[in-house]
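Enquirer: Encoded as structure tokens, here's the structure I'll be asking about.
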Amino acid sequence: MRHLDQLHLGLLHADGIGPEVVDAAAWVVEAAVGACTDLDLVWTVLPVGKYALATKFDALPRDTLRALSGLEAWILGPDDAPSPDNGDESTIGRSICRYFDMNTNILPAKAIPLRKAVVPTMDLVVVRENTEGLFVGRNVHALAGESDTADVDAASVREPGRSACERIAHRAFGLAERRRSRVTVVCQATGSAMRTELFKAVCTEVAALYPQVEVDERRMDTMHVDLVQRSENFDVVLTENLSGDVLCDLTVALSGSELTAPSLSCSDDKAMAQARHGCTPDAFGRNRADPTATIASAAMMIRWLGDRRRQACLSAAADVMEGAIEVVSAGTADAGKATTMRVASLIVDEIRAARSTALGTIGGDRRTQLRIERGEEPRPGIVRPSFLR
């Protein structure tokens with residue numbers, strides 16, 4: 001079988017509700033890929049988080065990183081375990097991003113009908129630098145010779161380089177071309193002139209390559225008000241790591257999508273789908289977690305794969321997933337009150353309905369074979385996600 005006839009993806013369940021929402025996303029991905037493609041889907045389950053810490057004495061085992069090196073993309077559940085041997089990073093996801101130089105984080109924020117939104121008109125995407133800047137800075141306890149303040153005891157020192165700025169800018173402008181063709185560059189207002197000028201200069205250079213995209217700038221200290229009062233003016237928001245972390249939290253809250261906001265971290269050759277929300281350990285095992293955010297993140301991952309592989313069938317699978325999520329989230333069913341399994345089932349039903357009405361247009365009719373390889377010694381076999389077992 002040719003490589004392009006296969007789709008090898010990873011599953012990293014992580015902590016808390018991770019196993020439930022990740023398995024739900026795997027089920028939906030299987031349905032969409034099976035509806036739209038003839039690809040042979042192969043899952044590789046890899047340990048991370050507290051389970052890996054308890055069994056392998058490492059929250060992010062080296063074997064897991066080696067296995068991820070051979071994959072294009074994977075789904076990561078919410079993680080709560082401390083990352084190993086990384087003084088700057090505090091989560092498994094951030095450590096993985098640094099390891100594979102996945103410098104772009106993409107977070108859509110769109111108000112959903114029937115869910116409380118402070119700004120019901122919000123429909124934008126935050127594109128954030130993901131591996132450099134002060135948010136993952138070099139934290140030190142003393143800066144001898146680096147400060148003219150004698151009593152400095154701690155500081156963070158790290159700024160985004162030109163290469164990181166260029167990559168994130170190209171990603172944002174490319175995304176804007178598919179949306180409403182507008183990019184807003186957001187920078188820190190004061191206290192970081194050199195970093196801000198570099199970021200703005202690089203964004204200006206990249207913008208010249210996308211003449212059809214409108215560009216404007218905002219200061220971080222005024223962006224908060226603008227998002228509340230004039231959210232319809234924003235399409236793609238391009239910003240640095242630390243500012244992006246604040247804006248992601250803000251836009252998610254304003255759009256009422258705290259539990260449904262998807263997120264994708266990516267480079268040119270790797271992508272990781274991970275929902276924005278936390279691991280909610282109190283809800284573990286109760287089948288009450290809303291999997292919408294993880295499923296929507298997986299849809300972004302499938303679209304990224306379609307673009308990278310230049311396979312229209314995968315882009316069609318992402319379209320079907322996003323359409324099904326929108327129907328279910330819009331309140332045509334009991335998505336807001338349903339169990340984890342029920343939400344996933346509703347989305348799968350919508351995908352199958354879309355397939356039955358468009359069969360022959362969006363792809364083949366052969367069911368995708370799902371194979372899961374577990375642990376360090378894979379044992380391939382036809383295995384269903386846990387919801388169907």
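Letters A, B, ... go to the chains of the structure tokens in the order shown; residues in each chain start at 1; ligands are counted from 1 in the same order.
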Which residues, written as a ChimeraX atom specification, have at least one atom at most 7 Å from region 99-114 of chain A, with only C-alpha atoms counted and residues fewer than 6 positions away on the same chain left out?
Expert: /A:120-131,164,168,248,251-252,255-257,261-267,270,330-331
Enquirer: Report the closest atom pair, with its distance in Å rounded to one decimal, for each residue of region 308-345 of chain A that has an atom no farther than 8 Å from region 24-46 of chain A; count only C-alpha atoms, sort by chain and then rising residue number, and write it as a tab-separated table.
Expert:
residue	atom	partner	partner_atom	distance
A:Cys313	CA	A:Thr37	CA	5.5
A:Leu314	CA	A:Thr37	CA	6.9
A:Ala316	CA	A:Cys36	CA	6.4
A:Ala317	CA	A:Ala32	CA	5.1
A:Ala318	CA	A:Ala32	CA	7.4
A:Val320	CA	A:Ala32	CA	6.6
A:Met321	CA	A:Ala32	CA	6.3
A:Thr340	CA	A:Ala24	CA	7.4
A:Met341	CA	A:Ala24	CA	6.9
A:Ala344	CA	A:Ala24	CA	5.6
Enquirer: Once DSSP has gone over the backbone, tell me which residues of region 216-367 of chain A are in strand (DSSP E), as a PyMOL selection string.
Expert: chain A and resi 216-219+236-239+264-266+271-273
Enquirer: Could you tell me how far CA of Pro47 (chain A) lies from CA of Ala298 (chain A), in Å and to one decimal?
Expert: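 Between CA of Pro47 (chain A) and CA of Ala298 (chain A) the gap is 18.6 Å.
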Enquirer: Find the spatial neighbours of Ala275 (chain A), counting only C-alpha atoms, within a cut-off of 10 Å - ignore same-chain residues fewer than 5 positions away - and output them as a PyMOL selection string.
Expert: chain A and resi 18+21-22+75-78+107+258-264+291-298
Enquirer: Generate the output file for the selected residues, N, CA, C and O atoms, as a compact mmCIF listing (two decimals), in the first residue's frame.
Expert:
# COMPACT_ATOMS: atom_id res chain seq x y z
N GLY A 18 -9.32 13.47 29.54
CA GLY A 18 -8.63 13.22 28.28
C GLY A 18 -9.04 11.94 27.57
O GLY A 18 -9.37 11.97 26.37
N VAL A 21 -12.66 12.42 25.95
CA VAL A 21 -12.83 13.35 24.84
C VAL A 21 -11.94 12.98 23.66
O VAL A 21 -12.31 13.20 22.50
N VAL A 22 -10.77 12.40 23.92
CA VAL A 22 -9.89 11.98 22.82
C VAL A 22 -10.50 10.80 22.07
O VAL A 22 -10.48 10.76 20.83
N ILE A 75 -3.69 13.79 18.24
CA ILE A 75 -4.64 14.44 19.14
C ILE A 75 -4.13 14.28 20.55
O ILE A 75 -3.84 13.17 20.99
N LEU A 76 -4.01 15.39 21.28
CA LEU A 76 -3.56 15.38 22.67
C LEU A 76 -4.71 15.81 23.57
O LEU A 76 -5.34 16.85 23.33
N GLY A 77 -4.99 15.01 24.59
CA GLY A 77 -5.99 15.39 25.56
C GLY A 77 -5.47 16.46 26.49
O GLY A 77 -4.29 16.81 26.48
N PRO A 78 -6.33 17.01 27.33
CA PRO A 78 -5.87 18.01 28.31
C PRO A 78 -4.89 17.39 29.28
O PRO A 78 -5.10 16.28 29.76
N LEU A 107 -6.28 29.47 17.19
CA LEU A 107 -7.44 29.30 18.05
C LEU A 107 -8.62 30.11 17.52
O LEU A 107 -8.62 31.33 17.62
N GLU A 258 -15.93 28.64 26.16
CA GLU A 258 -14.90 28.13 27.07
C GLU A 258 -14.73 26.61 26.96
O GLU A 258 -13.63 26.09 27.08
N LEU A 259 -15.85 25.90 26.77
CA LEU A 259 -15.80 24.44 26.72
C LEU A 259 -15.79 23.89 25.31
O LEU A 259 -15.73 22.68 25.11
N THR A 260 -15.87 24.76 24.30
CA THR A 260 -15.98 24.29 22.92
C THR A 260 -14.91 24.84 22.00
O THR A 260 -14.90 24.53 20.81
N ALA A 261 -13.98 25.67 22.53
CA ALA A 261 -12.98 26.31 21.68
C ALA A 261 -11.91 25.32 21.25
O ALA A 261 -11.24 24.73 22.10
N PRO A 262 -11.72 25.13 19.95
CA PRO A 262 -10.66 24.24 19.46
C PRO A 262 -9.33 24.96 19.40
O PRO A 262 -9.25 26.19 19.52
N SER A 263 -8.28 24.20 19.18
CA SER A 263 -6.95 24.78 19.06
C SER A 263 -6.06 23.82 18.29
O SER A 263 -6.18 22.59 18.44
N LEU A 264 -5.19 24.37 17.48
CA LEU A 264 -4.23 23.57 16.72
C LEU A 264 -2.86 24.21 16.82
O LEU A 264 -2.70 25.41 16.56
N PRO A 291 -17.12 16.92 24.54
CA PRO A 291 -15.97 16.64 23.65
C PRO A 291 -15.89 17.57 22.45
O PRO A 291 -15.03 17.38 21.59
N THR A 292 -16.77 18.56 22.38
CA THR A 292 -16.86 19.38 21.17
C THR A 292 -15.53 20.06 20.83
O THR A 292 -15.12 20.09 19.67
N ALA A 293 -14.85 20.59 21.84
CA ALA A 293 -13.60 21.30 21.58
C ALA A 293 -12.53 20.38 21.01
O ALA A 293 -11.81 20.74 20.08
N THR A 294 -12.43 19.17 21.56
CA THR A 294 -11.43 18.22 21.07
C THR A 294 -11.79 17.74 19.66
O THR A 294 -10.91 17.58 18.79
N ILE A 295 -13.07 17.51 19.42
CA ILE A 295 -13.51 17.09 18.08
C ILE A 295 -13.25 18.20 17.06
O ILE A 295 -12.76 17.95 15.95
N ALA A 296 -13.54 19.44 17.44
CA ALA A 296 -13.29 20.57 16.52
C ALA A 296 -11.79 20.76 16.29
O ALA A 296 -11.37 21.12 15.18
N SER A 297 -10.99 20.52 17.33
CA SER A 297 -9.54 20.59 17.15
C SER A 297 -9.07 19.52 16.17
O SER A 297 -8.20 19.76 15.33
N ALA A 298 -9.65 18.32 16.27
CA ALA A 298 -9.31 17.25 15.34
C ALA A 298 -9.71 17.60 13.91
O ALA A 298 -9.01 17.25 12.95
Enquirer: Any idea what the distance is between CA of Ser329 (chain A) and CA of Asp349 (chain A)?
Expert: 13.5 Å
Enquirer: Given only C-alpha atoms as the basis, pick out the residue of A:Val186, A:Val213, A:Met220, A:Ala299 nearest to Ile347 (chain A).
Expert: A:Ala299
Enquirer: Give the answer as one residue: which of A:Gln229, A:Arg180, A:Gly244, A:Pro19 has the shortest atom-to-atom distance to Ala289 (chain A), using only C-alpha atoms?
Expert: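 Of all the options, A:Pro19 lies closest to Ala289 (chain A).
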